[in-house]
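Visitor: Just final_34.cif, nothing more (mmCIF, C-alpha atoms):
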data_input
#
loop_
_atom_site.group_PDB
_atom_site.id
_atom_site.type_symbol
_atom_site.label_atom_id
_atom_site.label_comp_id
_atom_site.auth_asym_id
_atom_site.auth_seq_id
_atom_site.Cartn_x
_atom_site.Cartn_y
_atom_site.Cartn_z
ATOM 1 C CA MET A 1 -33.943 2.291 60.074
ATOM 2 C CA ILE A 2 -30.907 2.691 57.834
ATOM 3 C CA LEU A 3 -27.428 2.067 59.219
ATOM 4 C CA ILE A 4 -24.456 3.415 57.268
ATOM 5 C CA THR A 5 -20.889 2.393 58.048
ATOM 6 C CA GLY A 6 -17.571 3.357 56.548
ATOM 7 C CA THR A 7 -13.892 3.151 57.364
ATOM 8 C CA VAL A 8 -11.128 5.356 56.060
ATOM 9 C CA GLU A 9 -7.418 5.544 56.753
ATOM 10 C CA VAL A 10 -5.713 8.885 56.289
ATOM 11 C CA ALA A 11 -2.063 9.799 55.957
ATOM 12 C CA GLU A 12 -0.568 11.537 58.992
ATOM 13 C CA ALA A 13 -0.027 14.641 56.858
ATOM 14 C CA ASN A 14 -3.796 14.804 56.188
ATOM 15 C CA ARG A 15 -4.918 14.146 59.769
ATOM 16 C CA ALA A 16 -5.697 17.729 60.854
ATOM 17 C CA ALA A 17 -7.567 18.593 57.653
ATOM 18 C CA PHE A 18 -9.462 15.299 57.810
ATOM 19 C CA LEU A 19 -10.545 15.899 61.409
ATOM 20 C CA LYS A 20 -11.804 19.382 60.579
ATOM 21 C CA THR A 21 -13.768 18.071 57.594
ATOM 22 C CA ALA A 22 -15.157 15.114 59.558
ATOM 23 C CA GLU A 23 -16.239 17.387 62.408
ATOM 24 C CA ARG A 24 -18.227 19.540 59.989
ATOM 25 C CA GLN A 25 -19.849 16.447 58.470
ATOM 26 C CA VAL A 26 -20.898 15.072 61.843
ATOM 27 C CA THR A 27 -22.141 18.442 63.117
ATOM 28 C CA GLU A 28 -24.184 19.231 60.005
ATOM 29 C CA SER A 29 -25.585 15.708 59.725
ATOM 30 C CA LEU A 30 -26.829 15.754 63.317
ATOM 31 C CA LYS A 31 -28.891 18.851 62.471
ATOM 32 C CA GLU A 32 -30.937 16.885 59.949
ATOM 33 C CA GLU A 33 -34.383 15.989 61.247
ATOM 34 C CA ASP A 34 -34.220 12.296 60.339
ATOM 35 C CA CYS A 35 -30.659 11.673 61.520
ATOM 36 C CA LEU A 36 -30.878 9.414 64.562
ATOM 37 C CA SER A 37 -27.122 9.423 65.218
ATOM 38 C CA TYR A 38 -23.866 10.149 63.412
ATOM 39 C CA SER A 39 -20.371 9.563 64.731
ATOM 40 C CA CYS A 40 -16.775 9.320 63.680
ATOM 41 C CA SER A 41 -14.273 7.534 65.911
ATOM 42 C CA GLU A 42 -10.625 6.659 65.603
ATOM 43 C CA ASP A 43 -9.708 2.985 65.813
ATOM 44 C CA ALA A 44 -8.090 2.419 69.210
ATOM 45 C CA TRP A 45 -5.414 0.157 67.723
ATOM 46 C CA VAL A 46 -4.721 1.771 64.343
ATOM 47 C CA ARG A 47 -3.784 5.450 64.320
ATOM 48 C CA ASN A 48 -5.440 7.428 61.535
ATOM 49 C CA ARG A 49 -8.083 4.765 60.837
ATOM 50 C CA PHE A 50 -11.515 6.292 61.343
ATOM 51 C CA ILE A 51 -14.902 4.602 61.508
ATOM 52 C CA PHE A 52 -18.118 6.385 60.617
ATOM 53 C CA LEU A 53 -21.413 5.120 62.014
ATOM 54 C CA GLU A 54 -24.706 6.710 61.003
ATOM 55 C CA ARG A 55 -28.336 5.879 61.759
ATOM 56 C CA TRP A 56 -31.160 7.355 59.677
ATOM 57 C CA ARG A 57 -34.911 7.071 60.092
ATOM 58 C CA ASN A 58 -35.585 5.745 56.558
ATOM 59 C CA PRO A 59 -34.206 5.524 52.979
ATOM 60 C CA ASP A 60 -35.706 8.905 52.028
ATOM 61 C CA ALA A 61 -33.712 10.546 54.822
ATOM 62 C CA VAL A 62 -30.516 9.098 53.345
ATOM 63 C CA LYS A 63 -31.404 10.438 49.886
ATOM 64 C CA VAL A 64 -31.952 13.905 51.349
ATOM 65 C CA HIS A 65 -28.682 13.658 53.271
ATOM 66 C CA PHE A 66 -26.602 12.613 50.269
ATOM 67 C CA ALA A 67 -28.094 15.484 48.222
ATOM 68 C CA LYS A 68 -26.909 18.136 50.695
ATOM 69 C CA ASP A 69 -24.015 20.306 49.472
ATOM 70 C CA TYR A 70 -21.951 19.651 52.596
ATOM 71 C CA SER A 71 -22.388 15.905 52.178
ATOM 72 C CA ARG A 72 -21.268 15.947 48.528
ATOM 73 C CA GLU A 73 -18.278 18.144 49.463
ATOM 74 C CA PHE A 74 -17.397 15.684 52.211
ATOM 75 C CA MET A 75 -17.315 12.717 49.829
ATOM 76 C CA VAL A 76 -14.999 14.578 47.445
ATOM 77 C CA ALA A 77 -12.715 15.590 50.314
ATOM 78 C CA MET A 78 -12.547 11.998 51.614
ATOM 79 C CA ARG A 79 -11.209 10.762 48.283
ATOM 80 C CA GLY A 80 -8.367 13.240 48.688
ATOM 81 C CA PHE A 81 -7.615 12.345 52.314
ATOM 82 C CA ALA A 82 -7.907 8.582 52.109
ATOM 83 C CA SER A 83 -4.853 6.394 51.875
ATOM 84 C CA LYS A 84 -7.168 3.380 52.267
ATOM 85 C CA SER A 85 -10.944 3.071 52.364
ATOM 86 C CA THR A 86 -13.421 0.250 52.736
ATOM 87 C CA GLY A 87 -16.036 2.413 51.093
ATOM 88 C CA VAL A 88 -19.495 3.030 52.441
ATOM 89 C CA GLU A 89 -21.967 0.294 53.347
ATOM 90 C CA ILE A 90 -25.694 0.904 53.679
ATOM 91 C CA HIS A 91 -27.666 -1.557 55.788
ATOM 92 C CA GLU A 92 -31.452 -1.720 56.030
ATOM 93 C CA VAL A 93 -32.322 -2.733 59.574
ATOM 94 C CA ALA A 94 -35.632 -4.530 59.981
ATOM 95 C CA GLU A 95 -35.486 -4.960 63.737
ATOM 96 C CA THR A 96 -33.414 -3.773 66.665
ATOM 97 C CA ARG A 97 -33.330 -5.521 70.020
ATOM 98 C CA ILE A 98 -31.640 -4.104 73.069
ATOM 99 C CA LEU A 99 -29.830 -6.657 75.186
ATOM 100 C CA GLY A 100 -29.265 -6.217 78.844
#
Could you take the file, read its structure, and then write that structure out as C-alpha cells?
Guide:
Amino acid sequence: MILITGTVEVAEANRAAFLKTAERQVTESLKEEDCLSYSCSEDAWVRNRFIFLERWRNPDAVKVHFAKDYSREFMVAMRGFASKSTGVEIHEVAETRILG
C-alpha cells in the first residue's frame, strides 16, 4: 500500500476557492479504482491548515493518479493557494496492523 500525506496552509482570502478545489480533488480521486481512501481535513488548532491523507493500492495506482488531468490541475492550483506547504510525502507501507 502507498500512503501519501501533505499539509498546506492557505490565506483566509483563498479559503473558499481552496475548499472548492480540494473537494473536487477528493471526489475525483475516490472514483479511481485503486484509491483506498482520500481525505482532506482542517487542523483543529490552526485555521486554514489542511492535511491530506491518501491510501493507494500500489505504486502504479499513484502513477495513474498523478497523470490524471484533474490531479495535475490540483497541484498547480495548490501552489497558488498555499501560503505555507510541507510538500507531499509518499510512504511505502509494508505492513499494517490494527490495534484494538
Visitor: Using all atoms listed in the file, which protein or nucleic acid residues come within 9 Å of stretch 74-78 of chain A? Drop anything in the same chain fewer than 3 positions from it, and give the result as a ChimeraX atom specification.
Guide: /A:8,10,18,21-22,24-25,69-71,81-82
Visitor: Next, write the just-selected residues to a file, as a CSV table (one decimal), in the coordinates of the input, keeping C-alpha atoms as the atom set.
Guide:
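Below is the file selection_33.csv, written as the result:
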chain,number,residue,atom,x,y,z
A,8,VAL,CA,-11.1,5.4,56.1
A,10,VAL,CA,-5.7,8.9,56.3
A,18,PHE,CA,-9.5,15.3,57.8
A,21,THR,CA,-13.8,18.1,57.6
A,22,ALA,CA,-15.2,15.1,59.6
A,24,ARG,CA,-18.2,19.5,60.0
A,25,GLN,CA,-19.8,16.4,58.5
A,69,ASP,CA,-24.0,20.3,49.5
A,70,TYR,CA,-22.0,19.7,52.6
A,71,SER,CA,-22.4,15.9,52.2
A,81,PHE,CA,-7.6,12.3,52.3
A,82,ALA,CA,-7.9,8.6,52.1
Visitor: Fewer than 5 positions away in the same chain doesn't count, so skip those; otherwise give me all residues within 12 Å of A:Asp43, counting only C-alpha atoms, as a PDB file with C-alpha atoms, keeping the file's coordinate frame.
Guide:
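Written out: result_22.pdb:
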ATOM      1  CA  THR A   7     -13.892   3.151  57.364  1.00  0.00           C
ATOM      2  CA  VAL A   8     -11.128   5.356  56.060  1.00  0.00           C
ATOM      3  CA  GLU A   9      -7.418   5.544  56.753  1.00  0.00           C
ATOM      4  CA  VAL A  10      -5.713   8.885  56.289  1.00  0.00           C
ATOM      5  CA  ASN A  48      -5.440   7.428  61.535  1.00  0.00           C
ATOM      6  CA  ARG A  49      -8.083   4.765  60.837  1.00  0.00           C
ATOM      7  CA  PHE A  50     -11.515   6.292  61.343  1.00  0.00           C
ATOM      8  CA  ILE A  51     -14.902   4.602  61.508  1.00  0.00           C
ATOM      9  CA  PHE A  52     -18.118   6.385  60.617  1.00  0.00           C
TER      10      PHE A  52
END
Visitor: Which centre and edge lengths in Å to one decimal define the box along x, y and z that fits every listed atom of stretch 40-56 of chain A plus 6 Å per side, as AutoDock Vina command-line options?
Guide:
--center_x -17.5 --center_y 4.7 --center_z 64.4 --size_x 39.4 --size_y 21.2 --size_z 21.5
Visitor: Find the residue from A:Leu30, A:Val62, A:Ile4, A:Cys40 that sits nearest to A:Ile90; use only C-alpha atoms when measuring.
Guide: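 Ranked by minimum distance to A:Ile90, first place goes to A:Ile4.
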Visitor: Rounded to one decimal place, report the atom CA of A:Cys35-atom CA of A:Arg47 distance in Å.
Guide: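 Here the two named atoms are 27.7 Å from each other.
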Visitor: Choose the residue, out of A:Lys31, A:His91, A:Arg79, A:Lys84, that has the smallest atom-to-atom separation from A:Pro59; count all atoms listed in the file.
Guide: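 Selected residue with least distance to A:Pro59: A:His91.
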Visitor: My list of candidates is A:Ala11, A:Asp60, A:Thr5, A:Ala16. Which is closest to A:Ser39 when distances are computed with all atoms listed in the file?
Guide: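 Nearest to A:Ser39: A:Thr5.
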Visitor: For A:Glu28, which of A:Asn14, A:Leu3, A:Thr86, A:Lys68 is the closest residue, counting all atoms listed in the file?
Guide: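 Smallest separation from A:Glu28 among the options: A:Lys68.
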Visitor: In Å to one decimal, how far is atom CA of A:Arg57 from atom CA of A:Glu32?
Guide: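 Those two atoms sit 10.6 Å apart.
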Visitor: Name the closest residue to A:Val46 among the candidates A:Glu12, A:Val88, A:Gly80, A:Thr96; distances are taken between atoms, counting all atoms listed in the file.
Guide: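 Of all the options, A:Glu12 lies closest to A:Val46.
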Visitor: Choose the residue, out of A:Arg72, A:Thr27, A:Ile2, A:Arg15, that has the smallest atom-to-atom separation from A:Glu92; count all atoms listed in the file.
Guide: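 The shortest atom-to-atom distance to A:Glu92 comes from A:Ile2.
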Visitor: Using Å and a single decimal, report how far atom CA of A:Glu33 sits from atom CA of A:Gly100.
Guide: 28.8 Å
Visitor: Run the PyMOL selection byres ((chain A and resi 38) around 6) mentally over the shown coordinates, then write out the matched residues as number ranges by chain, using the chain letters and numbers from the document.
Guide: A: 26, 37, 39, 53-54
